[in-house]
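K.L.:
If it helps, the file is called input.cif and holds mmCIF, C-alpha atoms:
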```cif
data_start
loop_
_atom_site.label_atom_id
_atom_site.label_comp_id
_atom_site.auth_asym_id
_atom_site.auth_seq_id
_atom_site.Cartn_x
_atom_site.Cartn_y
_atom_site.Cartn_z
CA MET A 1 -18.97 67.63 15.25
CA THR A 2 -20.52 64.94 17.43
CA GLN A 3 -23.02 66.30 19.91
CA ARG A 4 -21.76 66.19 23.49
CA ILE A 5 -23.78 63.98 25.84
CA THR A 6 -24.11 66.87 28.29
CA GLU A 7 -25.85 68.86 25.55
CA SER A 8 -28.11 66.07 24.33
CA SER A 9 -31.87 66.37 24.65
CA SER A 10 -33.50 65.56 27.99
CA ASN A 11 -35.26 62.28 28.53
CA TYR A 12 -38.29 64.39 29.49
CA ASP A 13 -40.31 66.89 27.49
CA GLN A 14 -43.06 69.42 28.05
CA LEU A 15 -41.72 70.17 31.51
CA GLU A 16 -43.97 73.19 31.77
CA LYS A 17 -46.99 70.90 31.78
CA MET A 18 -45.77 68.85 34.74
CA SER A 19 -47.10 69.37 38.24
CA THR A 20 -44.70 70.35 41.00
CA LEU A 21 -44.71 66.78 42.27
CA GLU A 22 -44.00 65.40 38.80
CA LEU A 23 -41.10 67.81 38.37
CA LEU A 24 -39.60 66.87 41.71
CA LYS A 25 -40.04 63.12 41.22
CA ASN A 26 -38.55 63.19 37.74
CA MET A 27 -35.55 65.26 38.82
CA ASN A 28 -35.01 62.92 41.75
CA ARG A 29 -35.21 59.92 39.42
CA GLU A 30 -32.44 61.43 37.29
CA ASP A 31 -30.33 62.37 40.32
CA LYS A 32 -30.35 58.77 41.53
CA THR A 33 -28.28 57.79 38.48
CA VAL A 34 -25.34 60.02 39.45
CA PRO A 35 -23.73 57.80 42.13
CA LEU A 36 -24.00 54.84 39.77
CA ALA A 37 -22.13 56.80 37.09
CA ILE A 38 -19.44 57.71 39.62
CA GLU A 39 -19.10 54.07 40.64
CA LYS A 40 -18.01 53.24 37.08
CA SER A 41 -15.18 55.78 37.41
CA ILE A 42 -13.86 54.79 40.85
CA GLN A 43 -10.55 53.48 39.53
CA ALA A 44 -9.90 56.70 37.64
CA ILE A 45 -10.79 58.70 40.75
CA GLU A 46 -8.40 56.49 42.74
CA SER A 47 -5.52 57.28 40.39
CA LEU A 48 -6.15 61.02 40.59
CA THR A 49 -6.56 60.87 44.37
CA ASN A 50 -3.25 59.06 44.77
CA CYS A 51 -1.53 61.68 42.65
CA VAL A 52 -3.01 64.50 44.76
CA HIS A 53 -1.96 62.75 47.97
CA ASP A 54 1.57 62.24 46.65
CA ARG A 55 1.93 65.93 45.77
CA LEU A 56 0.45 67.24 49.03
CA SER A 57 2.44 64.83 51.19
CA LYS A 58 5.62 66.26 49.64
CA GLY A 59 4.65 69.89 50.23
CA GLY A 60 2.94 70.52 46.90
CA ARG A 61 -0.45 72.06 46.33
CA LEU A 62 -3.72 71.15 44.64
CA PHE A 63 -5.13 73.63 42.13
CA TYR A 64 -8.62 73.55 40.65
CA ILE A 65 -9.38 75.49 37.48
CA GLY A 66 -12.84 75.86 36.00
CA ALA A 67 -15.48 78.20 34.63
CA GLY A 68 -19.05 78.86 35.73
CA THR A 69 -20.59 76.18 37.91
CA SER A 70 -17.51 73.98 37.59
CA GLY A 71 -15.23 76.78 38.74
CA ARG A 72 -17.49 77.58 41.69
CA LEU A 73 -17.51 73.95 42.79
CA GLY A 74 -13.71 73.93 42.84
CA ILE A 75 -13.66 77.08 44.94
CA VAL A 76 -16.19 75.61 47.38
CA ASP A 77 -14.10 72.47 47.83
CA ALA A 78 -10.88 74.45 48.26
CA SER A 79 -12.43 76.87 50.74
CA GLU A 80 -13.77 74.05 52.91
CA CYS A 81 -10.46 72.22 53.37
CA PRO A 82 -8.89 74.62 55.92
CA PRO A 83 -11.83 74.77 58.37
CA THR A 84 -12.64 71.08 58.03
CA TYR A 85 -9.14 69.63 58.17
CA GLY A 86 -6.94 72.41 59.50
CA VAL A 87 -4.72 72.60 56.42
CA GLU A 88 -3.19 75.99 55.72
CA HIS A 89 -4.93 78.31 53.30
CA GLY A 90 -3.20 78.01 49.96
CA VAL A 91 -2.69 74.25 50.03
CA VAL A 92 -5.87 73.72 48.02
CA ILE A 93 -6.58 76.57 45.62
CA GLY A 94 -9.65 77.16 43.48
CA ILE A 95 -9.35 79.43 40.44
CA ILE A 96 -12.35 80.48 38.34
CA ALA A 97 -12.39 82.02 34.87
CA GLY A 98 -13.16 85.71 35.21
CA GLY A 99 -11.67 86.03 38.70
CA ASP A 100 -13.36 86.13 42.07
CA GLY A 101 -16.14 88.33 40.73
CA ALA A 102 -17.31 85.36 38.68
CA ILE A 103 -18.11 83.44 41.86
CA ARG A 104 -21.32 85.46 42.22
CA LYS A 105 -21.96 86.77 38.74
CA ALA A 106 -21.18 85.28 35.35
CA VAL A 107 -18.38 87.04 33.46
CA GLU A 108 -19.13 87.03 29.74
CA PHE A 109 -16.71 85.07 27.55
CA ALA A 110 -14.20 84.59 30.41
CA GLU A 111 -14.09 80.84 29.74
CA ASP A 112 -13.18 81.32 26.08
CA ASP A 113 -9.56 82.45 26.57
CA PRO A 114 -7.23 79.41 26.42
CA THR A 115 -4.25 81.37 27.80
CA GLN A 116 -5.81 82.99 30.86
CA ALA A 117 -5.78 80.00 33.24
CA TRP A 118 -2.00 79.71 33.05
CA LYS A 119 -1.67 83.44 33.67
CA ASP A 120 -3.92 83.06 36.71
CA MET A 121 -1.88 80.13 38.05
CA MET A 122 1.39 82.01 37.57
CA GLY A 123 0.15 84.42 40.21
CA TYR A 124 0.55 81.57 42.71
CA ASP A 125 4.10 80.64 41.64
CA ILE A 126 2.95 77.21 40.51
CA THR A 127 5.68 74.56 40.10
CA ASP A 128 6.03 70.94 39.09
CA LYS A 129 5.56 69.98 42.76
CA ASP A 130 1.88 70.87 42.38
CA VAL A 131 -1.07 69.16 40.68
CA VAL A 132 -3.81 70.87 38.68
CA VAL A 133 -7.32 69.48 38.22
CA GLY A 134 -9.50 70.98 35.51
CA ILE A 135 -13.23 70.84 36.17
CA ALA A 136 -15.37 71.07 33.04
CA ALA A 137 -18.70 69.32 32.53
CA SER A 138 -18.44 69.69 28.75
CA GLY A 139 -14.77 68.77 28.68
CA SER A 140 -14.11 71.44 26.09
CA THR A 141 -13.92 74.74 28.02
CA PRO A 142 -10.97 76.64 26.43
CA TYR A 143 -9.93 78.18 29.77
CA VAL A 144 -9.56 74.73 31.30
CA VAL A 145 -8.12 72.93 28.28
CA GLY A 146 -5.55 75.67 27.68
CA GLY A 147 -4.58 75.74 31.35
CA LEU A 148 -4.01 71.99 31.53
CA ARG A 149 -2.10 71.97 28.28
CA ALA A 150 0.24 74.67 29.59
CA CYS A 151 0.76 72.65 32.78
CA GLN A 152 1.65 69.52 30.84
CA GLU A 153 4.16 71.46 28.75
CA LYS A 154 5.87 72.49 31.98
CA GLY A 155 5.84 69.04 33.57
CA ILE A 156 3.04 69.73 36.06
CA ALA A 157 0.73 66.79 36.83
CA THR A 158 -2.82 67.25 35.56
CA GLY A 159 -6.21 65.70 36.11
CA CYS A 160 -9.77 66.52 35.17
CA ILE A 161 -13.37 65.91 36.13
CA THR A 162 -15.67 65.91 33.12
CA CYS A 163 -19.00 64.42 32.07
CA ASN A 164 -18.29 63.70 28.41
CA PRO A 165 -16.15 60.81 27.14
CA ASP A 166 -12.96 61.32 25.16
CA SER A 167 -13.18 65.11 25.46
CA PRO A 168 -10.38 67.64 24.87
CA VAL A 169 -9.85 68.13 28.59
CA SER A 170 -9.15 64.41 29.02
CA HIS A 171 -6.53 64.54 26.30
CA VAL A 172 -4.49 67.05 28.32
CA SER A 173 -4.92 65.23 31.65
CA ASN A 174 -2.54 62.67 33.11
CA PHE A 175 -5.36 61.46 35.35
CA PRO A 176 -8.70 62.00 33.60
CA VAL A 177 -11.95 61.30 35.42
CA GLU A 178 -15.00 60.96 33.17
CA VAL A 179 -18.33 60.62 34.95
CA ILE A 180 -20.93 60.09 32.23
CA VAL A 181 -24.27 61.08 33.75
CA GLY A 182 -26.19 61.43 30.48
CA PRO A 183 -28.57 64.21 29.40
CA GLU A 184 -29.80 66.71 31.95
CA PHE A 185 -33.42 67.02 33.07
CA VAL A 186 -33.39 70.51 31.54
CA THR A 187 -31.41 70.07 28.34
CA GLY A 188 -27.86 71.37 28.72
CA SER A 189 -28.29 72.56 32.33
CA THR A 190 -25.06 71.03 33.63
CA ARG A 191 -25.45 72.59 37.05
CA MET A 192 -27.80 69.65 37.69
CA LYS A 193 -26.54 66.06 37.30
CA ALA A 194 -23.12 67.04 36.02
CA GLY A 195 -22.66 69.53 38.84
CA THR A 196 -23.75 66.92 41.37
CA ALA A 197 -21.30 64.40 39.91
CA GLN A 198 -18.46 66.92 40.10
CA LYS A 199 -19.29 67.86 43.69
CA LEU A 200 -19.44 64.23 44.81
CA THR A 201 -16.14 63.48 43.08
CA LEU A 202 -14.44 66.46 44.67
CA ASN A 203 -15.73 65.36 48.07
CA MET A 204 -14.27 61.91 47.51
CA ILE A 205 -10.87 63.17 46.40
CA THR A 206 -10.15 65.69 49.14
CA THR A 207 -11.74 63.63 51.91
CA SER A 208 -9.63 60.60 50.96
CA VAL A 209 -6.48 62.72 50.71
CA MET A 210 -7.06 64.34 54.09
CA VAL A 211 -7.66 60.97 55.73
CA LYS A 212 -4.41 59.67 54.20
CA LEU A 213 -2.59 62.79 55.43
CA GLY A 214 -3.65 62.01 58.99
CA LYS A 215 -6.23 64.76 59.33
CA VAL A 216 -8.84 62.27 60.57
CA LYS A 217 -8.53 59.98 63.59
CA GLY A 218 -11.02 57.13 63.65
CA ASN A 219 -13.79 59.06 61.95
CA LYS A 220 -13.24 62.43 63.64
CA MET A 221 -11.91 65.72 62.21
CA VAL A 222 -9.20 66.20 64.82
CA ASP A 223 -7.66 69.26 63.13
CA MET A 224 -10.87 71.18 62.34
CA GLN A 225 -10.87 74.91 63.02
CA LEU A 226 -12.89 76.01 66.04
CA SER A 227 -14.73 78.70 64.10
CA ASN A 228 -18.15 78.60 65.77
CA ASP A 229 -19.92 77.40 68.91
CA LYS A 230 -21.14 74.21 67.23
CA LEU A 231 -17.62 73.16 66.32
CA VAL A 232 -16.27 74.06 69.75
CA ASP A 233 -18.95 71.89 71.31
CA ARG A 234 -18.20 69.04 68.91
CA GLY A 235 -14.49 69.36 69.60
CA THR A 236 -15.06 69.41 73.34
CA LYS A 237 -16.98 66.16 73.18
CA MET A 238 -14.24 64.62 71.07
CA VAL A 239 -11.66 65.61 73.68
CA MET A 240 -13.92 64.17 76.40
CA ALA A 241 -14.11 60.85 74.55
CA GLU A 242 -10.35 60.66 74.09
CA THR A 243 -9.28 61.82 77.55
CA GLY A 244 -12.10 61.04 79.97
CA LEU A 245 -12.22 64.67 81.07
CA LYS A 246 -15.49 66.31 82.10
CA TYR A 247 -17.06 68.83 79.71
CA ASP A 248 -15.76 72.03 81.32
CA ALA A 249 -12.22 70.72 81.66
CA ALA A 250 -12.20 69.38 78.11
CA ASN A 251 -13.58 72.65 76.79
CA LYS A 252 -10.93 74.67 78.63
CA LEU A 253 -8.14 72.44 77.34
CA LEU A 254 -9.48 72.56 73.79
CA LEU A 255 -9.65 76.34 73.72
CA GLU A 256 -6.17 76.62 75.20
CA GLU A 257 -4.62 74.23 72.69
CA GLY A 258 -6.63 75.26 69.61
CA SER A 259 -7.47 71.84 68.20
CA VAL A 260 -8.68 68.42 69.27
CA ARG A 261 -5.36 66.87 68.29
CA ASN A 262 -3.32 69.33 70.33
CA ALA A 263 -5.67 69.09 73.30
CA VAL A 264 -5.41 65.29 73.44
CA LEU A 265 -1.63 65.38 73.03
CA ALA A 266 -1.34 68.00 75.78
CA HIS A 267 -3.41 65.85 78.13
CA GLN A 268 -1.26 62.80 77.38
CA SER A 269 2.04 64.56 77.92
#
```
Write out the structure in this file as structure tokens.
P.N.:
Amino acid sequence: MTQRITESSSNYDQLEKMSTLELLKNMNREDKTVPLAIEKSIQAIESLTNCVHDRLSKGGRLFYIGAGTSGRLGIVDASECPPTYGVEHGVVIGIIAGGDGAIRKAVEFAEDDPTQAWKDMMGYDITDKDVVVGIAASGSTPYVVGGLRACQEKGIATGCITCNPDSPVSHVSNFPVEVIVGPEFVTGSTRMKAGTAQKLTLNMITTSVMVKLGKVKGNKMVDMQLSNDKLVDRGTKMVMAETGLKYDAANKLLLEEGSVRNAVLAHQS
């Protein structure tokens, strides 16, 4: 079996002999290559993003499935969509091998069951209106591969984010995204460059989709949830800019209406 790039030996050796500054500089040097690797995959990311937008614009949902770091990254992205863009909980769903307990603590061998992801998705009444994105740095995680294969058998659109070329997860994805970042600074530690590549890609996909769904006006998050004082203050200033109201009046209107969008519309009506 050909060795996966994500498991190949680091470009650096004898890390324990490096000074703190050398460690930091060398890691930073490796991290700088990640955006360049993503740039090579922009067209693939575009295709997946368009599919996600199509499904969500028609009332479908976006599912992420993954294990370990990859699974946690999907959950982070899913959990940030409601407060940032005001979408309902359950529109973007992150599922991790081993269940929610695996978010904080690794669950042994949870990623090795190729049938469990589909069982987990069935708990959400998944349909062919939805889209499922498998996140797997290696591209061979049985939980992810099995889940995507089951989706394809049932006519559900699939995509993936992986860091190895021509991997099993790509073969069961309608919209594969392969971001080849090369060997990790610490050999095989895919929470590093691979994890960064996955996080950046997820940011790009959901941000683009939310912009296309009208959740951003200009460059402002007009549907963000007012969940803390910082966001209330930000929202108040956005209302001020759109309406010309003074701070106190804008703040009052914002809190009454619940969002920047609603506050501006109320002022205009």
K.L.:
What residues have an atom no more than 10 Å from (-22.3, 66.2, 24.4) in the file's own frame, counting all atoms listed in the file, and can you write them as a count of residues only?
P.N.:
20
K.L.:
Nearest to A:Gly94: which of A:Asp166, A:Met204, A:Tyr124, A:Pro114 is it, counting only C-alpha atoms?
P.N.:
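Once distances to A:Gly94 are computed over only C-alpha atoms, the minimum belongs to A:Tyr124.
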K.L.:
Residues picked by the PyMOL selection byres ((chain A and resi 56-72) around 6) here, as a ChimeraX atom specification?
P.N.:
/A:53-55,73-75,91-97,103,111,129-136,144
K.L.:
Care to translate the PyMOL selection byres ((chain A and resi 79-88) around 10) into actual residues of this file, as a PyMOL selection string?
P.N.:
chain A and resi 73-78+89-94+206-207+210-211+213-216+220-227+231+259
K.L.:
Distance atom CA of A:His171-atom CA of A:Val145, one decimal place?
P.N.:
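Here the two named atoms are 8.8 Å from each other.
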K.L.:
To one decimal place in Å, what is the distance between atom CA of A:Leu254 and atom CA of A:Ala266?
P.N.:
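Between atom CA of A:Leu254 and atom CA of A:Ala266 the gap works out to 9.5 Å.
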K.L.:
Tell me, in Å to one decimal, how far atom CA of A:Ala197 is from atom CA of A:Asp31.
P.N.:
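Pair atom CA of A:Ala197 / atom CA of A:Asp31 returns 9.3 Å.
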K.L.:
Would you kindly return, as a count of residues only, each protein, DNA or RNA residue with an atom no farther than 12 Å from any atom of A:Glu39, considering all atoms listed in the file and excluding same-chain residues fewer than 6 positions away?
P.N.:
12
K.L.:
Can you translate the PyMOL selection byres ((chain A and resi 157) around 9) into the concrete residues it hits in this file, as a PyMOL selection string?
P.N.:
chain A and resi 51+128-133+148+151-152+155-156+158-159+173-175
K.L.:
Padding of 6 Å on every side, edges along x, y and z, all listed atoms of stretch 219-228 of chain A included: what centre and edge lengths in Å, to one decimal, does that box have, as lines of an AutoDock Vina configuration file?
P.N.:
```
center_x = -12.9
center_y = 68.9
center_z = 64.0
size_x = 22.5
size_y = 31.6
size_z = 16.1
```
